[in-house]
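Data block below; observations after.
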Amino acid sequence: MVAQPRKTHLTPAFGLAVLTALTSFGCGGGSGSSGGTPPPPPPPTPSTTQVVSLGAKQIVYDSGRQLLYAAVGNADATHPNTVAIIDPSSATVTATIPVGADPHRLTLSQDSSYLYVGADGINSVQRINLTSKTVEATISLGGDHAGGR
């Protein structure tokens, strides 16, 4: 019998299934370590699935901190218009960072010092300092909020 490869599926904007196995798959983002230091080894494969319910539009994984960041839109009842910080080993939201209306896209800086958030509702990109967990800069993309010029 041939073992089938294991698949991991996340469903943003519904019940966001956060598997502790995500840490071994990278799930977007990354530590971007410079200087040749390899990333930490992946944790052992978990035997259970843990669920965090968030109206997330995108998630990225920070392998250096072993955390997930989720862009939580304005329709979420618990954490609207925030970036939720999730500990995948316990499937808990450990903190939230208020951001502009309707955050959508996320990306980590190469050295994982900053998280960039595309906020569709304010037509801007925001830079979050991950040490202080605060928005340090907002960069307007111009035009109206509906994508006009």
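Going by the structure tokens order, chains are called A, B, ..., each with residues numbered from 1, while ligands are numbered from 1 in the order shown.
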
- Task: With a distance cut-off of 9 Å and only C-alpha atoms, select the neighbouring residues of A:Arg105, excluding the residue or stretch itself and same-chain residues fewer than 2 positions from it, and output the selection as a ChimeraX atom specification.
- Result: /A:57-59,71,103,107,116-120

Would you mind exporting the chosen residues as a compact mmCIF listing (two decimals), in the first residue's frame, restricted to N, CA and C atoms?
# COMPACT_ATOMS: atom_id res chain seq x y z
N LYS A 57 -8.73 36.86 5.72
CA LYS A 57 -8.60 36.94 4.26
C LYS A 57 -7.29 36.37 3.78
N GLN A 58 -6.26 36.42 4.62
CA GLN A 58 -4.97 35.83 4.27
C GLN A 58 -4.20 35.59 5.56
N ILE A 59 -3.33 34.57 5.53
CA ILE A 59 -2.45 34.33 6.66
C ILE A 59 -1.02 34.14 6.14
N ALA A 71 -4.91 38.42 8.42
CA ALA A 71 -5.60 39.67 8.09
C ALA A 71 -7.09 39.42 8.30
N PRO A 103 -8.42 44.89 6.03
CA PRO A 103 -7.10 44.38 5.65
C PRO A 103 -7.25 43.13 4.80
N THR A 107 2.43 40.49 3.97
CA THR A 107 3.75 39.97 3.62
C THR A 107 4.74 40.38 4.69
N TYR A 116 3.79 43.86 6.40
CA TYR A 116 3.11 44.84 5.56
C TYR A 116 1.68 44.36 5.32
N VAL A 117 0.73 45.29 5.47
CA VAL A 117 -0.69 44.98 5.40
C VAL A 117 -1.34 45.85 4.34
N GLY A 118 -1.96 45.24 3.35
CA GLY A 118 -2.75 45.98 2.38
C GLY A 118 -4.15 46.16 2.93
N ALA A 119 -4.53 47.41 3.19
CA ALA A 119 -5.86 47.71 3.74
C ALA A 119 -6.73 48.27 2.61
N ASP A 120 -7.60 47.42 2.07
CA ASP A 120 -8.43 47.81 0.93
C ASP A 120 -9.36 48.97 1.25

- Query: Contacts of stretch 84-86 of chain A at 12 Å or less, counting only C-alpha atoms, minus same-chain residues fewer than 4 places along, as number ranges by chain?
  - Reply: A: 16-20, 22-23, 50-62, 65-73, 76, 78-80, 90-99, 103, 106, 115, 117, 130, 133

- Contacts of stretch 121-124 of chain A at 6 Å or less, counting only C-alpha atoms, minus same-chain residues fewer than 4 places along, as a list of chain:residue names? A:Ala101, A:Asp102, A:Ile139, A:Ser140, A:Leu141, A:His145

- DSSP on the backbone, then: every residue of stretch 37-107 of chain A marked strand (DSSP E), written as a ChimeraX atom specification. /A:50-51,56-62,67-72,82-87,92-98,103-107

- Contacts of A:Ile128 at 6 Å or less, counting only C-alpha atoms, minus same-chain residues fewer than 5 places along, as a PyMOL selection string? chain A and resi 114-115+134-136

Any chance you could export the current selection's C-alpha atoms as a short mmCIF file (atom, residue, chain, number, x, y, z; two decimals), in the first residue's frame?
data_model
loop_
_atom_site.label_atom_id
_atom_site.label_comp_id
_atom_site.auth_asym_id
_atom_site.auth_seq_id
_atom_site.Cartn_x
_atom_site.Cartn_y
_atom_site.Cartn_z
CA TYR A 114 7.95 44.15 9.74
CA LEU A 115 4.62 42.93 8.48
CA THR A 134 2.22 48.78 16.30
CA VAL A 135 1.52 50.37 12.93
CA GLU A 136 4.53 52.58 12.25
#

- Using only C-alpha atoms, which residue out of A:Gly143, A:Asp111, A:Val125, A:Ala137 lies closest to A:Ser63?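 With only C-alpha atoms as the atom set, the closest residue is A:Asp111.
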
- Can you work out the spacing between atom CA of A:Ser113 and atom CA of A:Ser89 in Å, to one decimal? 21.6 Å
